[in-house]
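This report concerns only the one structure given below.
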Amino acid sequence: MTDTQWPRFEVFLTEDEGKPAAHVGSVHASDPEIALLNARDVFVRRPQCRDLWVAPAGRVLFRTAEELRSQPVPEESNDKTENLYLVFCKRSHREPLVFIGYRAARSEKAALADAVQEISLPEPTLWAVVSDQAVIRSQAQERASFFTPAETKDYKQHVRYPVARLIKEIQGK
Amino acid sequence: MTDEERLREFEARIARGEKIEPGDWMPERYRKQLIRMISQHAHSEIVGMLPEGKWITRAPTLRRKLVLLAKVQDEAGHGQYLYHAAETLGATREEMLDDLLSGRAKYSSVFNYPTLTWADVGVIGWLVDGAAIVNQTMLAKSSYGPYARAMLRICAEETFHKRQGQEMVILLSQGTAKQREMVQDAINRWWWPTLMMFGPRDSDSKNSPELMRWGIKTRSNDELRQDFVNQMIPDLHALDLMVPDPDLRYDQESGNWLIGPIDWEEFWRVVNGDGPCNEERLRARREAHEDGCWVREALAAYAERNAK
Amino acid sequence: MKFGLSEDRRQLIAGRLLEMADDELIVSHRNSEWTGHAPILEEDIAFANIAQDEMGHAVTWYNALSSLTGQDPDQLVFFRAPSEYRNIQLVELPKGDWAFSMLRQFLFDKWEATHLEALEQCSFQPAAEAACKIRHEEKYHLRHTRAWVRRLALGTEESKTRMQRALDLLWPYCPQLYERSPGFHLLVDESLMPNLPRLAPVWEESVRSELTEIGLRVPDYRSSLKLSRDMHTEYLPKLIEELQQVARLEPGVRW
């Protein structure tokens with residue numbers, strides 16, 4: 001690890017119950033625990049957040065639609081054991097990269113190949129796959145300390161600064 | 001596909017309003033321009049923490065302390081979003097930070113001016129963040145996905161920065177004689193540096209046509225600057241505050257407030273590193289970096305040992 | 001508001017709230033001095049976040065105090081003399097190096113965890129309710145400071161040396177966390193406030209075991225410093241002067 005570089009971790013955030021986790025960016029951290037804390041400080045300064053996941057960037061496989069067209073994912077047929085993978089996709093350029101489900105597969109590429117076969121219309125613009133083992137998650141019992149505090153800081157809401165009213169008062173004088 | 005064909009397809013995608021994502025083919029110049037722009041933007045956020053951060057300890061009410069503490073966190077966070085976007089284009093944070101600390105990288109020259117009084121904090125919030133919002137609203141439509149997404153987040157968080165600054169300036173302008181003097185003085189010092197944030201005149205901007213075609217920039221420097229001026233002047237005058245421009249006049253026909261000449265010599269001097277605080281800002285960041293070396297080494301050592 | 005309390009009980013509680021508020025205000029002040037100077041960008045956000053939370057806690061306690069006595073929080077903060085402040089000396093010490101600030105925050109966070117848990121059980125409702133909310137934020141602080149203290153203590157020879165030095169400097173100031181001010185026993189007798197000295201061994205035991213486990217040497221001696229909250233170090237006047245600089249330009253105006 002170099003001095004200012006620190007390994008990168010991709011960050012996924014679930015806003016609310018019923019909404020899927022979405023990829024929001026990445027953070028640098030020296031290890032997974034620090035990565036989770038950094039992700040919270042960088043990405044959850046405002047509501048809403050229910051769950052936060054981080055995964056080492058090197059463990060996340062990204063493929064754009066363009067890349068898949070020019071180099072389709074090969075079917076792997078060695079007999080490694082099956083593991084659980086998280087699959088994300090971006091259905092159009094307007095939508096975020098979101099979690100669509102788990103796939104049991106022998107590798108990231110195999111999991112991606114499976115998912116690509118299942119979902120064809122409309123063609124997603126971007127895919128991401130990561131092993132479940134590589135993902136570090138915030139816990140449900142931590143929500144009160146990790147995420148609820150962001151909701152209580154109302155001085156970050158621009159409506160708390162009544163500039164229109166102040167200007168009216170001045171003009172009324 | 002030849003490079004020429006790829007380029008045509010790339011430009012057609014942008015014209016269709018599609019986003020370019022990491023991994024998509026892009027011209028090398030597109031990639032380089034974006035890295036330059038995004039990293040400069042990130043550096044600006046990071047450097048921008050310093051002039052305001054030093055007023056947290058002196059903020060005159062508890063509420064203002066909370067606001068400033070929230071604001072500097074946002075700025076550091078915005079820097080993070082932007083470094084991430086640049087990283088998706090192949091830049092490393094190592095390189096970008098090295099460029100910043102060595103003085104090679106540019107950042108918004110507005111932060112090379114000193115914050116001399118408490119009123120400066122309000123004026124920075126209203127004027128500087130206000131100008132940044134005008135620029136950022138345009139950038140949120142950027143053709144490059146990660147940059148556009150980072151900008152949307154930033155714009156949403158930035159609105160309160162401007163509002164709290166505006167509220168501060170309003171209160172000072174309606175306060176005691178000392179307060180009114182303080183805020184007018186701050187505006188006198190920050191007005192021109194803020195206008196310079198929009199960059200050189202269109203006639204002096206060599207990169208612009210290409211940036212426009214590639215959806216990196218969708219409006220010109222002069223257009224954005226004019227928008228900002230038209231927004232600010234009536235609001236300032238409503239508070240009996242002036243801008244230090246003897247040539248300022250309202251043009252009935254266009255509906256524009258026309259400003260006097262910008263001192264472009266000063267602009268280029270400050271952009272090239274010779275502003276009042278350039279050295280001080282970089283020195284502070286460099287010292288923090290050097291003093292913090294043992295900390296980063298400790299974390300790396302711990303991680304290495306625990307990875308085994 | 002009277003909360004069904006006698007005048008002298010109200011004064012005693014107000015006094016205790018002032019102590020708690022001043023502790024938070026001053027530690028937040030010291031933490032915010034790191035803004036833009038943290039050893040890595042991520043910690044600029046993290047430490048500013050902790051400072052922000054502590055400032056929020058200070059506001060909560062000043063507001064609780066205000067509901068008892070009618071005093072204005074901004075007046076209290078910006079127009080008292082240094083000698084009138086009631087924070088412990090631990091929080092007013094200069095920020096030192098990163099090890100010092102991080103360890104100080106850790107020791108303080110460990111105390112808050114113990115203290116707030118007990119405060120939640122007290123019969124003075126406003127404090128009990130506030131303690132409940134604040135505990136959640138403190139839990140996150142502790143997670144952060146604990147992670148850092150651990151990494152710095154176990155990192156390199158240099159980081160361990162700095163942590164040990166910080167502990168040796170800070171330890172003598174810790175007993176003041178649970179020192180009682182005059183009249184406090186009356187509040188304890190009526191369960192209005194927690195029994196601070198009884199919390200002391202809980203805190204000390206927990207801190208000792210955590211720090212020893214990561215290779216630090218916790219001093220055995222009991223500090224001979226007899227500190228009361230109306231006594232301050234030479235560092236406080238300069239801190240207060242900076243704190244009050246702008247507010248004192250024009251007393252009683254809107255900012």
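In the structure tokens, chains take letters A, B, ... by order of appearance, with residues numbered from 1 within each chain and ligands from 1 in the order shown.
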
Residues near region 179-185 of chain C, cut-off 12 Å, only C-alpha atoms, skip fewer than 5 positions along chain, as a PyMOL selection string: chain C and resi 8-20+86-89+173-174+190-200+225-230

Neighbour list for Ala38 (chain C) as a list in words, cut-off 8 Å, only C-alpha atoms, skip fewer than 3 positions in-chain: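 Within the cut-off, the hits are Ala288, His289 and Gly292 of chain B; Trp34, Thr35, Leu41, Glu43, Asp44 and Trp98 of chain C.
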
Emit the selected residues as a PDB file, in the first residue's frame, including C-alpha atoms.
ATOM      1  CA  ALA B 288      -0.474  18.136   7.387  1.00  0.00           C
ATOM      2  CA  HIS B 289       0.661  15.536   4.919  1.00  0.00           C
ATOM      3  CA  GLY B 292       0.791  12.735   9.229  1.00  0.00           C
TER       4      GLY B 292
ATOM      5  CA  TRP C  34      -7.668  19.745  13.175  1.00  0.00           C
ATOM      6  CA  THR C  35      -9.872  20.855  10.256  1.00  0.00           C
ATOM      7  CA  LEU C  41      -8.320  13.492   4.020  1.00  0.00           C
ATOM      8  CA  GLU C  43      -9.948  12.012   8.970  1.00  0.00           C
ATOM      9  CA  ASP C  44     -10.695  15.654   8.138  1.00  0.00           C
ATOM     10  CA  TRP C  98      -2.716  12.941  16.370  1.00  0.00           C
TER      11      TRP C  98
END

Cut-off 8 Å: closest chain B/chain A atom pairs per residue, using only C-alpha atoms, as a tab-separated table:
residue	atom	partner	partner_atom	distance
B:Glu18	CA	A:His93	CA	6.2
B:Lys19	CA	A:His93	CA	5.7
B:Glu21	CA	A:Thr64	CA	7.4
B:Pro22	CA	A:Thr64	CA	7.6
B:Gly23	CA	A:Thr64	CA	6.1
B:Asp24	CA	A:Glu66	CA	6.3
B:Leu66	CA	A:Tyr155	CA	7.8
B:Val67	CA	A:Tyr155	CA	6.5
B:Ala70	CA	A:Lys156	CA	7.2
B:Asp74	CA	A:Arg45	CA	7.7
B:Gly77	CA	A:Val42	CA	5.0
B:Gln80	CA	A:Val42	CA	7.2
B:Tyr81	CA	A:Gly25	CA	6.8
B:His84	CA	A:Ser26	CA	6.0
B:Ala85	CA	A:Gly25	CA	7.8
B:Thr92	CA	A:Gln5	CA	7.4
B:Arg93	CA	A:Gln5	CA	5.8
B:Glu94	CA	A:Gln5	CA	5.1
B:Leu97	CA	A:Thr4	CA	7.7
B:Gly145	CA	A:His93	CA	7.9
B:Thr159	CA	A:His158	CA	6.2
B:Phe160	CA	A:His158	CA	4.2
B:His161	CA	A:His158	CA	7.9
B:Arg163	CA	A:Tyr161	CA	6.0
B:Gln164	CA	A:Tyr161	CA	6.0
B:Gln166	CA	A:Val163	CA	7.0
B:Glu167	CA	A:Val163	CA	5.7
B:Ile170	CA	A:Leu166	CA	7.5
B:Ala238	CA	A:Gln171	CA	7.6
B:Leu239	CA	A:Ile170	CA	7.7
B:Cys293	CA	A:Asp3	CA	7.7
B:Arg296	CA	A:Asp3	CA	6.5
B:Glu297	CA	A:Asp3	CA	7.2
B:Leu299	CA	A:Ser30	CA	6.2
B:Ala300	CA	A:Ser30	CA	6.0
B:Ala303	CA	A:Asp31	CA	5.8

Shortest interatomic distance to chain C - which of A:Glu17, A:Glu33, A:Glu95, A:Asp51, counting only C-alpha atoms: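 For chain C, the nearest of the candidates is A:Glu33.
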
Using only C-alpha atoms, what table do you get, as JSON lines, when you list each residue of chain B with an atom no more than 7 Å from chain C, its nearest pair of atoms, and their distance in Å rounded to one decimal, rows by chain then rising number?
{"residue": "B:Met49", "atom": "CA", "partner": "C:Gly36", "partner_atom": "CA", "distance": 6.1}
{"residue": "B:Leu50", "atom": "CA", "partner": "C:Gly36", "partner_atom": "CA", "distance": 5.5}
{"residue": "B:Gly53", "atom": "CA", "partner": "C:Thr35", "partner_atom": "CA", "distance": 5.7}
{"residue": "B:Ile56", "atom": "CA", "partner": "C:Ser32", "partner_atom": "CA", "distance": 7.0}
{"residue": "B:Thr57", "atom": "CA", "partner": "C:Leu243", "partner_atom": "CA", "distance": 5.5}
{"residue": "B:Arg58", "atom": "CA", "partner": "C:Leu243", "partner_atom": "CA", "distance": 4.8}
{"residue": "B:Ala59", "atom": "CA", "partner": "C:Val246", "partner_atom": "CA", "distance": 6.8}
{"residue": "B:Pro60", "atom": "CA", "partner": "C:Ala247", "partner_atom": "CA", "distance": 4.5}
{"residue": "B:Thr61", "atom": "CA", "partner": "C:Asp74", "partner_atom": "CA", "distance": 5.9}
{"residue": "B:Leu62", "atom": "CA", "partner": "C:Asp74", "partner_atom": "CA", "distance": 6.4}
{"residue": "B:Leu66", "atom": "CA", "partner": "C:Gln52", "partner_atom": "CA", "distance": 6.0}
{"residue": "B:Leu69", "atom": "CA", "partner": "C:Gln52", "partner_atom": "CA", "distance": 5.7}
{"residue": "B:Ala70", "atom": "CA", "partner": "C:Gln52", "partner_atom": "CA", "distance": 6.9}
{"residue": "B:Gln73", "atom": "CA", "partner": "C:Ile45", "partner_atom": "CA", "distance": 4.9}
{"residue": "B:Ala76", "atom": "CA", "partner": "C:Ile45", "partner_atom": "CA", "distance": 6.0}
{"residue": "B:Gly77", "atom": "CA", "partner": "C:Ile45", "partner_atom": "CA", "distance": 7.0}
{"residue": "B:Met168", "atom": "CA", "partner": "C:Trp255", "partner_atom": "CA", "distance": 6.5}
{"residue": "B:Leu171", "atom": "CA", "partner": "C:Trp255", "partner_atom": "CA", "distance": 6.4}
{"residue": "B:Leu172", "atom": "CA", "partner": "C:Trp255", "partner_atom": "CA", "distance": 6.6}
{"residue": "B:Arg285", "atom": "CA", "partner": "C:His37", "partner_atom": "CA", "distance": 6.7}
{"residue": "B:Ala288", "atom": "CA", "partner": "C:His37", "partner_atom": "CA", "distance": 4.8}
{"residue": "B:His289", "atom": "CA", "partner": "C:Pro39", "partner_atom": "CA", "distance": 5.7}
{"residue": "B:Asp291", "atom": "CA", "partner": "C:Pro39", "partner_atom": "CA", "distance": 6.8}
{"residue": "B:Gly292", "atom": "CA", "partner": "C:Pro39", "partner_atom": "CA", "distance": 4.0}
{"residue": "B:Trp294", "atom": "CA", "partner": "C:Ser159", "partner_atom": "CA", "distance": 6.6}
{"residue": "B:Val295", "atom": "CA", "partner": "C:Pro39", "partner_atom": "CA", "distance": 6.7}
{"residue": "B:Ala298", "atom": "CA", "partner": "C:Gly155", "partner_atom": "CA", "distance": 4.1}
{"residue": "B:Leu299", "atom": "CA", "partner": "C:Arg151", "partner_atom": "CA", "distance": 6.0}
{"residue": "B:Ala301", "atom": "CA", "partner": "C:Gly155", "partner_atom": "CA", "distance": 5.4}
{"residue": "B:Tyr302", "atom": "CA", "partner": "C:Gly155", "partner_atom": "CA", "distance": 4.8}

Counting only C-alpha atoms, the option among C:Asn63, C:Thr145, C:Ser206, C:Thr212 closest to chain A: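 For chain A, the nearest of the candidates is C:Thr145.
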
Tell me which protein, DNA and RNA residues are within 7 Å of region 99-112 of chain A, counting only C-alpha atoms, leaving out same-chain ones fewer than 4 positions away, and put them as an mmCIF file with all heavy atoms, in the first residue's frame.
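Saved to out38.cif:
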data_model
loop_
_atom_site.group_PDB
_atom_site.id
_atom_site.type_symbol
_atom_site.label_atom_id
_atom_site.label_comp_id
_atom_site.auth_asym_id
_atom_site.auth_seq_id
_atom_site.Cartn_x
_atom_site.Cartn_y
_atom_site.Cartn_z
ATOM 1 N N PRO A 20 -33.545 -1.079 -3.427
ATOM 2 C CA PRO A 20 -32.324 -1.888 -3.539
ATOM 3 C C PRO A 20 -31.080 -1.064 -3.215
ATOM 4 O O PRO A 20 -31.086 0.162 -3.339
ATOM 5 C CB PRO A 20 -32.313 -2.299 -5.019
ATOM 6 C CG PRO A 20 -33.022 -1.188 -5.717
ATOM 7 C CD PRO A 20 -34.048 -0.640 -4.745
ATOM 8 N N ALA A 21 -30.002 -1.754 -2.824
ATOM 9 C CA ALA A 21 -28.727 -1.079 -2.586
ATOM 10 C C ALA A 21 -28.230 -0.498 -3.902
ATOM 11 O O ALA A 21 -28.365 -1.120 -4.958
ATOM 12 C CB ALA A 21 -27.709 -2.070 -2.033
ATOM 13 N N ALA A 22 -27.675 0.700 -3.855
ATOM 14 C CA ALA A 22 -27.151 1.352 -5.062
ATOM 15 C C ALA A 22 -25.679 1.689 -4.863
ATOM 16 O O ALA A 22 -25.259 2.024 -3.754
ATOM 17 C CB ALA A 22 -27.939 2.621 -5.360
ATOM 18 N N LEU A 61 -16.124 -6.911 -9.920
ATOM 19 C CA LEU A 61 -15.991 -7.014 -11.368
ATOM 20 C C LEU A 61 -17.001 -6.077 -12.018
ATOM 21 O O LEU A 61 -18.197 -6.221 -11.799
ATOM 22 C CB LEU A 61 -16.262 -8.458 -11.800
ATOM 23 C CG LEU A 61 -16.264 -8.743 -13.304
ATOM 24 C CD1 LEU A 61 -14.851 -8.663 -13.847
ATOM 25 C CD2 LEU A 61 -16.853 -10.118 -13.576
ATOM 26 N N VAL A 73 -18.699 -12.708 -21.772
ATOM 27 C CA VAL A 73 -18.111 -13.418 -20.638
ATOM 28 C C VAL A 73 -18.033 -14.914 -20.948
ATOM 29 O O VAL A 73 -19.030 -15.516 -21.305
ATOM 30 C CB VAL A 73 -18.955 -13.214 -19.365
ATOM 31 C CG1 VAL A 73 -18.260 -13.805 -18.167
ATOM 32 C CG2 VAL A 73 -19.213 -11.737 -19.143
ATOM 33 N N GLU A 75 -17.960 -18.918 -20.507
ATOM 34 C CA GLU A 75 -18.526 -19.872 -19.558
ATOM 35 C C GLU A 75 -17.362 -20.628 -18.945
ATOM 36 O O GLU A 75 -16.547 -21.184 -19.655
ATOM 37 C CB GLU A 75 -19.418 -20.883 -20.309
ATOM 38 C CG GLU A 75 -20.635 -20.272 -20.982
ATOM 39 C CD GLU A 75 -21.766 -20.021 -19.989
ATOM 40 O OE1 GLU A 75 -21.703 -20.568 -18.867
ATOM 41 O OE2 GLU A 75 -22.689 -19.275 -20.338
ATOM 42 N N GLU A 76 -17.246 -20.616 -17.631
ATOM 43 C CA GLU A 76 -16.141 -21.348 -17.016
ATOM 44 C C GLU A 76 -16.630 -22.716 -16.582
ATOM 45 O O GLU A 76 -17.722 -22.845 -16.058
ATOM 46 C CB GLU A 76 -15.613 -20.564 -15.822
ATOM 47 C CG GLU A 76 -14.940 -19.298 -16.289
ATOM 48 C CD GLU A 76 -14.243 -18.551 -15.152
ATOM 49 O OE1 GLU A 76 -14.082 -19.131 -14.075
ATOM 50 O OE2 GLU A 76 -13.885 -17.400 -15.377
ATOM 51 N N LYS A 80 -14.657 -25.695 -9.543
ATOM 52 C CA LYS A 80 -14.519 -24.990 -8.266
ATOM 53 C C LYS A 80 -15.863 -25.092 -7.564
ATOM 54 O O LYS A 80 -16.894 -25.280 -8.199
ATOM 55 C CB LYS A 80 -14.227 -23.495 -8.522
ATOM 56 C CG LYS A 80 -12.806 -23.219 -8.949
ATOM 57 C CD LYS A 80 -12.490 -21.734 -8.741
ATOM 58 C CE LYS A 80 -11.770 -21.180 -9.967
ATOM 59 N NZ LYS A 80 -12.059 -19.837 -10.302
ATOM 60 N N THR A 81 -15.829 -24.932 -6.269
ATOM 61 C CA THR A 81 -17.110 -24.967 -5.549
ATOM 62 C C THR A 81 -17.909 -23.701 -5.847
ATOM 63 O O THR A 81 -17.347 -22.679 -6.224
ATOM 64 C CB THR A 81 -16.902 -25.043 -4.026
ATOM 65 O OG1 THR A 81 -15.885 -24.093 -3.679
ATOM 66 C CG2 THR A 81 -16.501 -26.427 -3.583
ATOM 67 N N GLU A 82 -19.210 -23.784 -5.621
ATOM 68 C CA GLU A 82 -20.062 -22.629 -5.845
ATOM 69 C C GLU A 82 -20.028 -21.704 -4.639
ATOM 70 O O GLU A 82 -20.011 -22.150 -3.496
ATOM 71 C CB GLU A 82 -21.502 -23.086 -6.100
ATOM 72 C CG GLU A 82 -21.722 -23.531 -7.532
ATOM 73 C CD GLU A 82 -23.198 -23.466 -7.913
ATOM 74 O OE1 GLU A 82 -24.043 -23.458 -7.002
ATOM 75 O OE2 GLU A 82 -23.476 -23.426 -9.112
ATOM 76 N N ASN A 83 -20.003 -20.411 -4.922
ATOM 77 C CA ASN A 83 -20.109 -19.408 -3.862
ATOM 78 C C ASN A 83 -21.253 -18.460 -4.182
ATOM 79 O O ASN A 83 -21.815 -18.501 -5.271
ATOM 80 C CB ASN A 83 -18.798 -18.614 -3.775
ATOM 81 C CG ASN A 83 -17.696 -19.419 -3.146
ATOM 82 O OD1 ASN A 83 -17.862 -19.985 -2.084
ATOM 83 N ND2 ASN A 83 -16.566 -19.488 -3.821
ATOM 84 N N LEU A 84 -21.550 -17.612 -3.217
ATOM 85 C CA LEU A 84 -22.628 -16.646 -3.406
ATOM 86 C C LEU A 84 -22.041 -15.335 -3.933
ATOM 87 O O LEU A 84 -21.030 -14.850 -3.419
ATOM 88 C CB LEU A 84 -23.299 -16.412 -2.056
ATOM 89 C CG LEU A 84 -24.771 -16.066 -2.072
ATOM 90 C CD1 LEU A 84 -25.573 -17.132 -2.801
ATOM 91 C CD2 LEU A 84 -25.288 -15.926 -0.645
ATOM 92 N N TYR A 85 -22.700 -14.796 -4.956
ATOM 93 C CA TYR A 85 -22.252 -13.525 -5.519
ATOM 94 C C TYR A 85 -23.390 -12.528 -5.529
ATOM 95 O O TYR A 85 -24.550 -12.886 -5.733
ATOM 96 C CB TYR A 85 -21.730 -13.722 -6.942
ATOM 97 C CG TYR A 85 -20.444 -14.502 -6.965
ATOM 98 C CD1 TYR A 85 -20.461 -15.885 -7.095
ATOM 99 C CD2 TYR A 85 -19.216 -13.855 -6.798
ATOM 100 C CE1 TYR A 85 -19.278 -16.614 -7.064
ATOM 101 C CE2 TYR A 85 -18.033 -14.575 -6.771
ATOM 102 C CZ TYR A 85 -18.075 -15.956 -6.893
ATOM 103 O OH TYR A 85 -16.908 -16.673 -6.849
ATOM 104 N N LEU A 86 -23.038 -11.260 -5.356
ATOM 105 C CA LEU A 86 -24.021 -10.182 -5.468
ATOM 106 C C LEU A 86 -23.916 -9.622 -6.883
ATOM 107 O O LEU A 86 -22.816 -9.351 -7.363
ATOM 108 C CB LEU A 86 -23.729 -9.064 -4.472
ATOM 109 C CG LEU A 86 -24.087 -9.314 -3.011
ATOM 110 C CD1 LEU A 86 -23.086 -10.237 -2.322
ATOM 111 C CD2 LEU A 86 -24.192 -8.005 -2.258
ATOM 112 N N VAL A 87 -25.069 -9.433 -7.523
ATOM 113 C CA VAL A 87 -25.084 -8.892 -8.877
ATOM 114 C C VAL A 87 -25.800 -7.546 -8.885
ATOM 115 O O VAL A 87 -26.873 -7.389 -8.294
ATOM 116 C CB VAL A 87 -25.788 -9.848 -9.858
ATOM 117 C CG1 VAL A 87 -25.768 -9.266 -11.278
ATOM 118 C CG2 VAL A 87 -25.141 -11.228 -9.832
ATOM 119 N N PHE A 88 -25.174 -6.598 -9.540
ATOM 120 C CA PHE A 88 -25.752 -5.253 -9.686
ATOM 121 C C PHE A 88 -25.887 -4.955 -11.163
ATOM 122 O O PHE A 88 -25.063 -5.382 -11.961
ATOM 123 C CB PHE A 88 -24.811 -4.200 -9.083
ATOM 124 C CG PHE A 88 -24.562 -4.359 -7.611
ATOM 125 C CD1 PHE A 88 -23.664 -5.316 -7.144
ATOM 126 C CD2 PHE A 88 -25.210 -3.548 -6.689
ATOM 127 C CE1 PHE A 88 -23.419 -5.467 -5.773
ATOM 128 C CE2 PHE A 88 -24.973 -3.687 -5.328
ATOM 129 C CZ PHE A 88 -24.078 -4.642 -4.871
ATOM 130 N N CYS A 89 -26.923 -4.199 -11.543
ATOM 131 C CA CYS A 89 -26.949 -3.725 -12.925
ATOM 132 C C CYS A 89 -27.599 -2.354 -13.042
ATOM 133 O O CYS A 89 -28.340 -1.917 -12.155
ATOM 134 C CB CYS A 89 -27.565 -4.753 -13.875
ATOM 135 S SG CYS A 89 -29.337 -4.617 -14.078
ATOM 136 N N VAL A 116 -26.510 -12.059 -17.095
ATOM 137 C CA VAL A 116 -26.673 -11.451 -18.417
ATOM 138 C C VAL A 116 -27.686 -12.229 -19.241
ATOM 139 O O VAL A 116 -28.504 -11.651 -19.957
ATOM 140 C CB VAL A 116 -25.314 -11.379 -19.159
ATOM 141 C CG1 VAL A 116 -25.518 -11.024 -20.618
ATOM 142 C CG2 VAL A 116 -24.406 -10.355 -18.496
ATOM 143 N N VAL A 129 -20.297 -7.328 -10.236
ATOM 144 C CA VAL A 129 -20.460 -8.570 -9.477
ATOM 145 C C VAL A 129 -19.392 -8.613 -8.390
ATOM 146 O O VAL A 129 -18.238 -8.260 -8.634
ATOM 147 C CB VAL A 129 -20.286 -9.802 -10.395
ATOM 148 C CG1 VAL A 129 -20.416 -11.076 -9.568
ATOM 149 C CG2 VAL A 129 -21.319 -9.797 -11.511
ATOM 150 N N VAL A 130 -19.789 -9.050 -7.201
ATOM 151 C CA VAL A 130 -18.815 -9.179 -6.114
ATOM 152 C C VAL A 130 -19.175 -10.388 -5.254
ATOM 153 O O VAL A 130 -20.353 -10.684 -5.048
ATOM 154 C CB VAL A 130 -18.734 -7.887 -5.271
ATOM 155 C CG1 VAL A 130 -20.061 -7.583 -4.578
ATOM 156 C CG2 VAL A 130 -17.633 -7.988 -4.226
ATOM 157 N N SER A 131 -18.153 -11.071 -4.770
ATOM 158 C CA SER A 131 -18.371 -12.231 -3.895
ATOM 159 C C SER A 131 -18.952 -11.772 -2.558
ATOM 160 O O SER A 131 -18.523 -10.755 -2.002
ATOM 161 C CB SER A 131 -17.044 -12.947 -3.666
ATOM 162 O OG SER A 131 -17.144 -13.777 -2.527
#

Polymer residues at most 10 Å from Arg135 (chain C), only C-alpha atoms, same-chain spacing of 6 or more positions, as a VMD selection string: (chain A and resid 144 to 145) or (chain C and resid 109 112 to 117 120 141)

Residues within 10 Å of region 257-260 of chain B, only C-alpha atoms, excluding chain neighbours under 4 positions, as number ranges by chain: B: 195, 226-234, 243-252

Region 83-190 of chain C: residues DSSP assigns to helix (DSSP H, G or I), reported as a PyMOL selection string: chain C and resi 83-84+89-92+98-119+125-154+157-178+184-189

Residues near Arg31 (chain B), cut-off 12 Å, only C-alpha atoms, skip fewer than 2 positions along chain, as a ChimeraX atom specification: /B:20-29,33-39,85-91,143-144,147,211,214,216

Exercise: Val135 (chain A) partners within 9 Å, only C-alpha atoms, chain neighbours under 3 positions left out, as a list of chain:residue names: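 Counting only C-alpha atoms, the residues come to A:Trp53, A:Val54, A:Ala55, A:Pro56, A:Val130, A:Ser131, A:Asp132.
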
Which of B:Arg269, B:His237, B:Arg104, B:Lys206 sits closest to Leu282 (chain B) [using only C-alpha atoms]: B:Arg104

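In this comparison, which uses only C-alpha atoms, the residue of A:Leu36, A:Arg165, A:Ile136, A:Cys49 approaching chain C most closely is A:Leu36.
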
All strand (DSSP E or B) residues (DSSP, backbone) inside chain A, as number ranges by chain: A: 8-14, 22-28, 51-56, 60-64, 83-90, 98-105, 126-131, 136-137
